[in-house]
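Text of start.cif, listed as mmCIF, C-alpha atoms:
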data_query
#
loop_
_atom_site.label_atom_id
_atom_site.label_comp_id
_atom_site.auth_asym_id
_atom_site.auth_seq_id
_atom_site.Cartn_x
_atom_site.Cartn_y
_atom_site.Cartn_z
CA MET L 293 -60.66 15.73 -7.60
CA ASP L 294 -60.40 12.74 -9.97
CA ASN L 295 -59.45 12.98 -13.63
CA ALA L 296 -62.98 13.22 -15.04
CA GLU L 297 -63.86 15.97 -12.56
CA HIS L 298 -60.70 17.79 -13.45
CA MET L 299 -61.44 17.66 -17.18
CA GLN L 300 -64.91 18.97 -16.42
CA LEU L 301 -63.39 21.91 -14.55
CA ILE L 302 -61.18 22.70 -17.57
CA TYR L 303 -64.25 22.63 -19.85
CA VAL L 304 -66.21 24.84 -17.45
CA ILE L 305 -63.37 27.37 -17.39
CA LEU L 306 -63.14 27.37 -21.19
CA ALA L 307 -66.91 27.82 -21.53
CA ALA L 308 -66.75 30.63 -18.97
CA ALA L 309 -63.97 32.28 -20.97
CA VAL L 310 -66.07 32.15 -24.15
CA ALA L 311 -69.14 33.45 -22.27
CA THR L 312 -67.10 36.31 -20.82
CA PHE L 313 -65.67 37.19 -24.22
CA LEU L 314 -69.21 37.25 -25.62
CA THR L 315 -70.20 39.84 -23.00
CA ARG L 316 -67.15 41.91 -23.95
CA ILE L 317 -67.88 41.91 -27.66
CA GLY L 318 -71.69 41.66 -27.38
CA GLY L 319 -72.39 45.34 -26.88
CA TYR L 320 -70.30 46.22 -29.91
CA VAL L 321 -72.16 43.70 -32.05
CA MET L 322 -75.53 44.87 -30.69
CA ILE L 323 -74.86 48.56 -31.19
CA THR L 324 -74.05 47.94 -34.84
CA GLN L 325 -77.22 45.81 -35.27
CA MET L 326 -79.90 47.25 -33.03
CA LYS L 327 -81.00 50.79 -32.20
CA ARG L 328 -81.68 50.46 -28.48
CA ILE L 329 -82.51 48.01 -25.72
CA PRO L 330 -86.14 48.08 -24.47
CA PRO L 331 -86.24 49.99 -21.13
CA ARG L 332 -87.71 47.14 -19.06
CA MET L 333 -85.06 44.81 -20.38
CA GLU L 334 -82.41 47.37 -19.53
CA ALA L 335 -83.80 47.68 -15.98
CA ALA L 336 -83.69 43.90 -15.66
CA LEU L 337 -80.11 43.74 -16.98
CA ASN L 338 -79.08 46.50 -14.60
CA ALA L 339 -80.29 44.41 -11.68
CA VAL L 340 -78.44 41.23 -12.68
CA PRO L 341 -75.15 41.70 -10.79
CA ALA L 342 -76.69 42.82 -7.48
CA ALA L 343 -79.30 40.05 -7.70
CA VAL L 344 -76.81 37.25 -8.41
CA LEU L 345 -74.26 38.45 -5.88
CA SER L 346 -76.85 38.86 -3.10
CA THR L 347 -77.59 35.14 -3.35
CA LEU L 348 -73.94 34.45 -2.53
CA VAL L 349 -73.91 36.80 0.46
CA ALA L 350 -77.20 36.18 2.31
CA PRO L 351 -76.94 32.38 2.77
CA ALA L 352 -73.29 32.70 3.86
CA PHE L 353 -74.38 35.20 6.52
CA LEU L 354 -76.83 32.67 7.96
CA SER L 355 -74.86 29.45 7.60
CA GLY L 356 -71.27 30.58 8.22
CA GLY L 357 -71.48 30.62 12.01
CA TRP L 358 -71.84 33.56 14.39
CA ASP L 359 -68.20 34.59 14.02
CA VAL L 360 -68.61 34.95 10.24
CA ALA L 361 -71.88 36.84 10.72
CA VAL L 362 -70.25 39.37 13.09
CA ALA L 363 -67.31 39.81 10.70
CA MET L 364 -69.68 40.41 7.79
CA LEU L 365 -71.66 43.01 9.73
CA VAL L 366 -68.47 44.90 10.62
CA ALA L 367 -67.33 44.69 6.99
CA LEU L 368 -70.69 46.02 5.83
CA VAL L 369 -70.34 49.13 7.99
CA ILE L 370 -66.76 49.65 6.75
CA GLY L 371 -67.93 49.14 3.17
CA LEU L 372 -70.34 52.07 3.37
CA ARG L 373 -67.35 54.42 3.58
CA PHE L 374 -64.23 52.59 2.40
CA SER L 375 -63.08 50.38 -0.46
CA SER L 376 -63.48 46.61 -0.49
CA LEU L 377 -59.85 46.03 0.46
CA TRP L 378 -60.60 47.67 3.84
CA MET L 379 -63.77 45.59 4.16
CA LEU L 380 -61.77 42.41 3.68
CA LEU L 381 -59.13 43.51 6.15
CA ALA L 382 -61.68 44.51 8.82
CA GLY L 383 -63.75 41.34 8.41
CA TRP L 384 -60.68 39.17 8.52
CA LEU L 385 -59.35 40.90 11.66
CA VAL L 386 -62.70 40.43 13.41
CA VAL L 387 -62.99 36.75 12.58
CA MET L 388 -59.38 36.09 13.57
CA ALA L 389 -59.85 37.95 16.85
CA ILE L 390 -62.97 35.94 17.67
CA ARG L 391 -61.37 32.60 16.76
CA HIS L 392 -58.02 33.06 18.42
CA LEU L 393 -58.69 35.41 21.35
CA LEU L 394 -62.28 34.74 22.45
CA VAL L 395 -63.03 31.08 21.72
CA MET O 111 -45.25 58.06 -31.03
CA THR O 112 -46.59 54.51 -30.83
CA LYS O 113 -43.97 53.60 -28.27
CA ASP O 114 -44.76 56.75 -26.24
CA ASP O 115 -48.44 55.85 -26.30
CA PHE O 116 -47.70 52.33 -25.09
CA TRP O 117 -45.67 53.57 -22.12
CA GLN O 118 -48.25 56.23 -21.33
CA GLY O 119 -50.77 53.38 -21.13
CA VAL O 120 -48.46 51.37 -18.88
CA ARG O 121 -48.06 54.35 -16.53
CA GLY O 122 -51.81 54.97 -16.50
CA GLY O 123 -52.59 51.34 -15.69
CA PHE O 124 -49.99 51.01 -12.95
CA PRO O 125 -52.17 52.19 -10.03
CA VAL O 126 -54.96 49.90 -11.20
CA MET O 127 -52.52 47.00 -11.23
CA VAL O 128 -51.42 47.78 -7.67
CA SER O 129 -54.99 47.83 -6.36
CA ALA O 130 -55.99 44.70 -8.28
CA ALA O 131 -52.93 42.67 -7.24
CA PRO O 132 -54.21 41.59 -3.79
CA PHE O 133 -57.40 40.31 -5.41
CA GLY O 134 -55.39 38.25 -7.89
CA ALA O 135 -53.51 36.64 -5.01
CA LEU O 136 -56.76 36.16 -3.09
CA PHE O 137 -58.32 34.44 -6.09
CA GLY O 138 -55.33 32.09 -6.40
CA ALA O 139 -55.41 31.15 -2.71
CA LEU O 140 -59.19 30.63 -2.59
CA ALA O 141 -59.16 28.67 -5.88
CA VAL O 142 -56.74 26.13 -4.42
CA ASP O 143 -58.88 26.04 -1.25
CA ASN O 144 -61.91 25.18 -3.45
CA GLY O 145 -60.19 22.22 -5.13
CA PHE O 146 -58.47 23.92 -8.08
CA SER O 147 -54.88 23.02 -8.94
CA VAL O 148 -52.33 25.82 -9.34
CA PHE O 149 -52.60 25.32 -13.10
CA ASP O 150 -56.43 25.58 -13.05
CA ALA O 151 -56.26 28.85 -11.12
CA VAL O 152 -53.83 30.50 -13.54
CA PHE O 153 -55.68 28.98 -16.53
CA MET O 154 -58.90 30.63 -15.34
CA SER O 155 -57.22 34.00 -14.70
CA ALA O 156 -55.59 33.91 -18.14
CA THR O 157 -58.68 32.92 -20.14
CA VAL O 158 -61.62 34.47 -18.24
CA TYR O 159 -59.75 37.51 -16.85
CA ALA O 160 -62.65 38.95 -14.84
CA GLY O 161 -61.96 38.90 -11.09
CA ALA O 162 -65.44 38.98 -9.60
CA SER O 163 -66.80 36.32 -11.91
CA GLN O 164 -63.76 34.13 -11.27
CA MET O 165 -64.56 34.26 -7.55
CA VAL O 166 -68.20 33.41 -8.28
CA GLY O 167 -67.10 30.51 -10.47
CA LEU O 168 -64.88 28.90 -7.88
CA GLU O 169 -67.44 29.38 -5.11
CA LEU O 170 -70.06 27.56 -7.21
CA PHE O 171 -67.59 24.89 -8.30
CA GLY O 172 -66.75 24.26 -4.65
CA HIS O 173 -70.47 23.65 -4.02
CA ASN O 174 -70.75 21.14 -6.89
CA VAL O 175 -73.16 23.33 -8.80
CA GLN O 176 -74.16 22.05 -12.28
CA PRO O 177 -71.67 23.18 -14.98
CA TRP O 178 -74.24 25.09 -17.07
CA LEU O 179 -75.30 27.08 -14.02
CA ILE O 180 -71.67 27.99 -13.25
CA VAL O 181 -71.14 29.26 -16.80
CA LEU O 182 -74.45 31.11 -16.75
CA SER O 183 -73.60 32.78 -13.43
CA ILE O 184 -70.21 33.89 -14.75
CA PHE O 185 -71.96 35.21 -17.83
CA ALA O 186 -74.46 37.08 -15.64
CA VAL O 187 -71.80 38.65 -13.42
CA ASN O 188 -69.92 39.80 -16.53
CA PHE O 189 -73.03 41.01 -18.29
CA ARG O 190 -72.17 44.64 -17.56
CA HIS O 191 -69.36 44.33 -20.13
CA ILE O 192 -72.01 44.44 -22.85
CA LEU O 193 -72.68 48.04 -21.87
CA TYR O 194 -68.95 48.78 -21.94
CA SER O 195 -68.37 47.32 -25.38
CA ALA O 196 -71.39 49.13 -26.75
CA SER O 197 -70.11 52.35 -25.25
CA ILE O 198 -66.46 52.18 -26.38
CA ALA O 199 -67.37 51.03 -29.92
CA ARG O 200 -67.27 54.64 -31.13
CA HIS O 201 -63.77 55.21 -29.70
CA ILE O 202 -62.09 52.13 -31.19
CA ARG O 203 -63.69 52.16 -34.64
CA HIS O 204 -60.27 52.71 -36.22
CA PHE O 205 -58.76 49.51 -34.73
CA SER O 206 -58.19 46.58 -37.11
CA GLY O 207 -60.20 43.38 -36.66
CA LEU O 208 -57.43 41.64 -34.74
CA GLN O 209 -56.82 44.73 -32.61
CA LYS O 210 -60.54 44.82 -31.74
CA PHE O 211 -60.35 41.16 -30.74
CA PHE O 212 -57.58 41.91 -28.22
CA ALA O 213 -59.26 45.13 -27.14
CA PHE O 214 -62.48 43.33 -26.22
CA PHE O 215 -60.63 40.47 -24.54
CA LEU O 216 -58.88 43.00 -22.25
CA LEU O 217 -62.04 45.04 -21.55
CA VAL O 218 -62.14 45.00 -17.73
CA ASP O 219 -63.84 47.74 -15.67
CA PRO O 220 -60.86 50.12 -15.29
CA GLN O 221 -59.91 49.62 -18.94
CA TYR O 222 -63.37 50.75 -19.93
CA ALA O 223 -63.40 53.70 -17.53
CA GLU O 224 -59.96 54.97 -18.65
CA THR O 225 -60.77 54.59 -22.36
CA GLU O 226 -63.91 56.68 -21.87
CA LYS O 227 -62.01 59.31 -19.89
CA ARG O 228 -59.24 59.49 -22.46
CA ALA O 229 -61.70 59.93 -25.32
CA GLU O 230 -63.57 62.58 -23.33
CA ARG O 231 -60.35 64.56 -22.84
CA GLY O 232 -59.94 64.51 -26.61
CA GLU O 233 -56.75 62.42 -26.52
CA PRO O 234 -56.42 59.75 -29.20
CA VAL O 235 -57.37 56.23 -28.14
CA THR O 236 -54.59 54.41 -29.99
CA PHE O 237 -54.12 50.65 -29.92
CA ALA O 238 -50.63 51.12 -28.46
CA TRP O 239 -52.04 53.08 -25.50
CA TYR O 240 -54.87 50.58 -25.02
CA LEU O 241 -52.47 47.62 -25.10
CA GLY O 242 -50.03 49.25 -22.68
CA PHE O 243 -52.82 49.96 -20.22
CA GLY O 244 -54.22 46.44 -20.62
CA MET O 245 -50.92 44.55 -20.33
CA ILE O 246 -49.77 46.21 -17.10
CA ILE O 247 -52.98 44.85 -15.53
CA TYR O 248 -53.27 41.51 -17.36
CA LEU O 249 -49.76 40.12 -16.83
CA PRO O 250 -49.46 40.93 -13.09
CA TRP O 251 -52.96 39.44 -12.62
CA GLN O 252 -51.55 36.08 -13.80
CA ILE O 253 -48.43 36.38 -11.66
CA MET O 254 -50.44 37.26 -8.55
CA THR O 255 -52.83 34.35 -9.19
CA LEU O 256 -49.83 32.01 -9.41
CA LEU O 257 -48.28 33.36 -6.19
CA GLY O 258 -51.63 33.18 -4.36
CA ALA O 259 -52.24 29.63 -5.54
CA ILE O 260 -48.77 28.46 -4.48
CA PHE O 261 -49.26 30.13 -1.10
CA GLY O 262 -52.76 28.61 -0.84
CA GLN O 263 -51.32 25.10 -1.26
CA MET O 264 -49.25 25.56 1.86
CA ILE O 265 -52.27 26.38 4.03
CA GLY O 266 -53.56 23.48 6.12
CA ASP O 267 -56.87 24.64 7.61
CA PRO O 268 -58.30 27.68 5.80
CA LYS O 269 -60.56 28.47 8.76
CA ALA O 270 -57.63 28.83 11.15
CA ILE O 271 -56.27 31.74 9.14
CA GLY O 272 -59.72 33.18 8.42
CA LEU O 273 -59.83 32.47 4.66
CA ASP O 274 -63.46 31.32 4.73
CA VAL O 275 -64.75 34.78 5.63
CA LEU O 276 -63.11 36.53 2.67
CA LEU O 277 -65.34 35.39 -0.21
CA PRO O 278 -68.70 36.43 1.31
CA ILE O 279 -67.20 39.81 2.28
CA TYR O 280 -65.72 40.22 -1.18
CA PHE O 281 -69.15 39.56 -2.73
CA MET O 282 -70.76 41.96 -0.25
CA GLY O 283 -68.31 44.64 -1.39
CA LEU O 284 -69.36 44.03 -4.98
CA VAL O 285 -73.03 44.28 -4.05
CA LEU O 286 -72.34 47.60 -2.28
CA GLY O 287 -70.52 48.82 -5.40
CA PHE O 288 -73.81 48.76 -7.29
CA ARG O 289 -75.75 50.72 -4.67
CA LYS O 290 -76.22 53.81 -6.87
CA ARG O 291 -78.29 51.81 -9.33
CA ASP O 292 -82.06 52.01 -9.61
CA ASN O 293 -84.02 49.63 -7.37
CA TRP O 294 -80.83 48.49 -5.68
CA LEU O 295 -82.21 47.98 -2.16
CA PRO O 296 -85.41 46.16 -3.19
CA VAL O 297 -83.46 43.94 -5.58
CA VAL O 298 -80.88 43.05 -2.93
CA ALA O 299 -83.58 42.43 -0.30
CA VAL O 300 -85.72 40.24 -2.55
CA SER O 301 -82.79 38.26 -3.96
CA SER O 302 -81.36 37.71 -0.47
CA LEU O 303 -84.65 36.52 1.01
CA ALA O 304 -85.51 34.38 -2.02
CA SER O 305 -82.09 32.73 -1.97
CA ILE O 306 -82.38 31.94 1.75
CA ALA O 307 -85.88 30.53 1.27
CA ALA O 308 -84.77 28.50 -1.77
CA MET O 309 -81.76 27.19 0.13
CA HIS O 310 -84.10 25.69 2.73
CA VAL O 311 -86.84 24.52 0.36
CA VAL O 312 -85.01 23.41 -2.81
CA GLY O 313 -81.42 23.39 -1.59
CA SER O 314 -78.05 24.43 -2.99
CA PRO O 315 -77.15 25.25 -5.76
CA TRP O 316 -80.64 26.26 -6.94
CA HIS O 317 -80.82 29.08 -4.39
CA VAL O 318 -78.44 31.07 -6.62
CA SER O 319 -80.59 31.06 -9.75
CA ILE O 320 -83.91 31.29 -7.91
CA GLY O 321 -82.73 34.23 -5.79
CA ALA O 322 -81.23 35.99 -8.80
CA ILE O 323 -84.35 35.55 -10.95
CA ALA O 324 -86.55 36.92 -8.15
CA GLY O 325 -84.52 40.14 -7.98
CA ILE O 326 -84.29 40.53 -11.75
CA LEU O 327 -88.04 40.04 -12.24
CA LEU O 328 -88.70 42.61 -9.52
CA ALA O 329 -86.47 45.13 -11.31
CA ALA O 330 -88.25 44.51 -14.61
CA CYS O 331 -91.63 45.18 -12.96
CA MET O 332 -90.67 48.28 -10.94
CA PRO O 333 -91.63 51.74 -12.24
CA LEU O 334 -89.03 52.96 -14.73
CA SER O 335 -86.84 55.91 -13.77
CA LYS O 336 -86.57 58.89 -16.07
CA ARG O 337 -82.83 59.31 -15.97
CA HIS O 338 -80.62 57.21 -18.17
CA GLU O 339 -77.97 55.43 -16.16
CA GLU O 340 -74.32 55.13 -16.94
CA PRO O 341 -72.88 51.70 -16.23
CA VAL O 342 -71.40 51.61 -12.74
CA THR O 343 -67.69 50.89 -12.60
CA LEU O 344 -65.92 49.20 -9.74
CA GLU O 345 -62.67 50.95 -9.07
CA HIS O 346 -60.53 47.95 -8.19
CA GLU O 347 -62.04 45.32 -10.35
CA VAL O 348 -60.32 43.29 -13.04
#
As structure tokens:
Amino acid sequence: MDNAEHMQLIYVILAAAVATFLTRIGGYVMITQMKRIPPRMEAALNAVPAAVLSTLVAPAFLSGGWDVAVAMLVALVIGLRFSSLWMLLAGWLVVMAIRHLLV
Amino acid sequence: MTKDDFWQGVRGGFPVMVSAAPFGALFGALAVDNGFSVFDAVFMSATVYAGASQMVGLELFGHNVQPWLIVLSIFAVNFRHILYSASIARHIRHFSGLQKFFAFFLLVDPQYAETEKRAERGEPVTFAWYLGFGMIIYLPWQIMTLLGAIFGQMIGDPKAIGLDVLLPIYFMGLVLGFRKRDNWLPVVAVSSLASIAAMHVVGSPWHVSIGAIAGILLAACMPLSKRHEEPVTLEHEV
């Protein structure tokens, strides 16, 4: 990373910090200003995290290679029952086993 | 009394700190792997202080996504905090202006959940308690980021030790954490397919916003459920 890129990263982080703080104070400001959020808007807001995060998962599943895909499938099954720390551990073990024992 | 409250908060936050610590180290290591310096990683942890969105930010930065889209994505991932701050407003009304400022800055998922629980039990939500609970999570989060980043610098090939698989699995865990929400499966399916299609047609980084918008629009158009939903909390998340 050169200097200009690095400064840009610092600015992005600062802007992200301000944006995050706005989400943390926003509800307080809104509740003192506004009676309630329209239901369709609330439904849309409720969907935001799953929608954004899915776009980071699905392409990685397809483009990460077959070893990553297998690891993600195993982690998915683990994730239905256990916490994400176990998912990470299981996925990591699978990918390491494939890379160092099979290939 | 104030001192007791503070230490009660510290004790209450301790288990959260222990479960969040590995994620702090993971963030530090992956940040360095995505081109951050050790300073950048700690700077982000100290100012943004929201684990999942920090991971999203460095993933997008690693893909050379436009700056405004990175900030918007971080904003979107943290949007749930709006529900938290609306909900705890009634419990922290007695805080001073400056105390509210710190309270909102420290408002991560477990902080919200514990504040609600404490108020529900009828115990006083004092600033001392809130600060104690917040600090035992905030400070170790910085230390773990630093340790992870230093460790990450020593790694030659991240693929050889399987680092590349961790971010997608981490995000998948977050997606699963929202599975009790209305329209979860259709939203995930539509956003996934739209992002894959957009990746091929328009290319990265637009697949993120296009996929996200597809899922959000779908949710806005689906039949509304009768029950009012509580915001979902992620047990480990900072």
Identify all chain O residues at most 7 Å from chain L by counting all atoms listed in the file; ligands do not count. Present them as a ChimeraX atom specification. /O:145,154,157-158,177,181,184-189,191-196,199,214-215,217,271-272,275-276,278-283,285,288,297-298,301-302,305-306,317-318,321-322,325-327,329-330
Distance in Å - atom CA of O:Ile323 versus atom CA of O:Gln164: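 Between atom CA of O:Ile323 and atom CA of O:Gln164 the gap works out to 20.6 Å.
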Determine the residue set returned by the PyMOL selection byres ((chain O and resi 222) around 12) for the present structure, and present it as number ranges by chain. L: 316; O: 123, 190-199, 201-202, 213-221, 223-229, 235, 240, 243-244, 341-345, 347-348
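Running the PyMOL selection byres ((chain O and resi 131) around 9) on this file leaves Val126, Met127, Val128, Ser129, Ala130, Pro132, Phe133, Gly134, Ala135, Leu136, Ile247, Pro250, Trp251, Ile253, Met254 and Thr255 of chain O selected.
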Just how far from atom CA of O:Ala139 is atom CA of O:Leu273, in Å to one decimal?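 We find that atom CA of O:Leu273 and atom CA of O:Ala139 lie 8.7 Å from each other.
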d(atom CA of L:Ala296, atom CA of O:Val152) in Å: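 Spanning atom CA of L:Ala296 to atom CA of O:Val152 is a straight-line distance of 19.6 Å.
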Take stretch 344-356 of chain L, model N, CA, C and O atoms, and hand the result over as a compact mmCIF listing (two decimals), keeping the file's coordinate frame.
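Saved result, out24.txt, follows:
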# COMPACT_ATOMS: atom_id res chain seq x y z
N VAL L 344 -77.60 38.49 -8.49
CA VAL L 344 -76.81 37.25 -8.41
C VAL L 344 -75.92 37.27 -7.18
O VAL L 344 -75.86 36.30 -6.41
N LEU L 345 -75.24 38.40 -6.96
CA LEU L 345 -74.26 38.45 -5.88
C LEU L 345 -74.92 38.38 -4.50
O LEU L 345 -74.35 37.81 -3.58
N SER L 346 -76.14 38.94 -4.38
CA SER L 346 -76.85 38.86 -3.10
C SER L 346 -77.09 37.41 -2.69
O SER L 346 -77.08 37.09 -1.51
N THR L 347 -77.31 36.55 -3.68
CA THR L 347 -77.59 35.14 -3.35
C THR L 347 -76.33 34.43 -2.86
O THR L 347 -76.42 33.33 -2.33
N LEU L 348 -75.17 35.04 -3.06
CA LEU L 348 -73.94 34.45 -2.53
C LEU L 348 -73.61 35.00 -1.15
O LEU L 348 -72.82 34.43 -0.41
N VAL L 349 -74.21 36.15 -0.81
CA VAL L 349 -73.91 36.80 0.46
C VAL L 349 -74.88 36.34 1.56
O VAL L 349 -74.46 35.90 2.63
N ALA L 350 -76.19 36.41 1.27
CA ALA L 350 -77.20 36.18 2.31
C ALA L 350 -77.10 34.78 2.93
O ALA L 350 -77.08 34.66 4.16
N PRO L 351 -77.03 33.70 2.13
CA PRO L 351 -76.94 32.38 2.77
C PRO L 351 -75.65 32.21 3.58
O PRO L 351 -75.67 31.55 4.63
N ALA L 352 -74.55 32.82 3.12
CA ALA L 352 -73.29 32.70 3.86
C ALA L 352 -73.41 33.38 5.22
O ALA L 352 -72.85 32.92 6.22
N PHE L 353 -74.17 34.47 5.27
CA PHE L 353 -74.38 35.20 6.52
C PHE L 353 -75.09 34.30 7.54
O PHE L 353 -74.76 34.29 8.72
N LEU L 354 -76.05 33.51 7.06
CA LEU L 354 -76.83 32.67 7.96
C LEU L 354 -76.14 31.36 8.32
O LEU L 354 -76.29 30.85 9.43
N SER L 355 -75.38 30.80 7.37
CA SER L 355 -74.86 29.45 7.60
C SER L 355 -73.38 29.42 7.97
O SER L 355 -72.84 28.35 8.22
N GLY L 356 -72.73 30.57 7.98
CA GLY L 356 -71.27 30.58 8.22
C GLY L 356 -70.86 30.51 9.68
O GLY L 356 -69.68 30.40 9.98
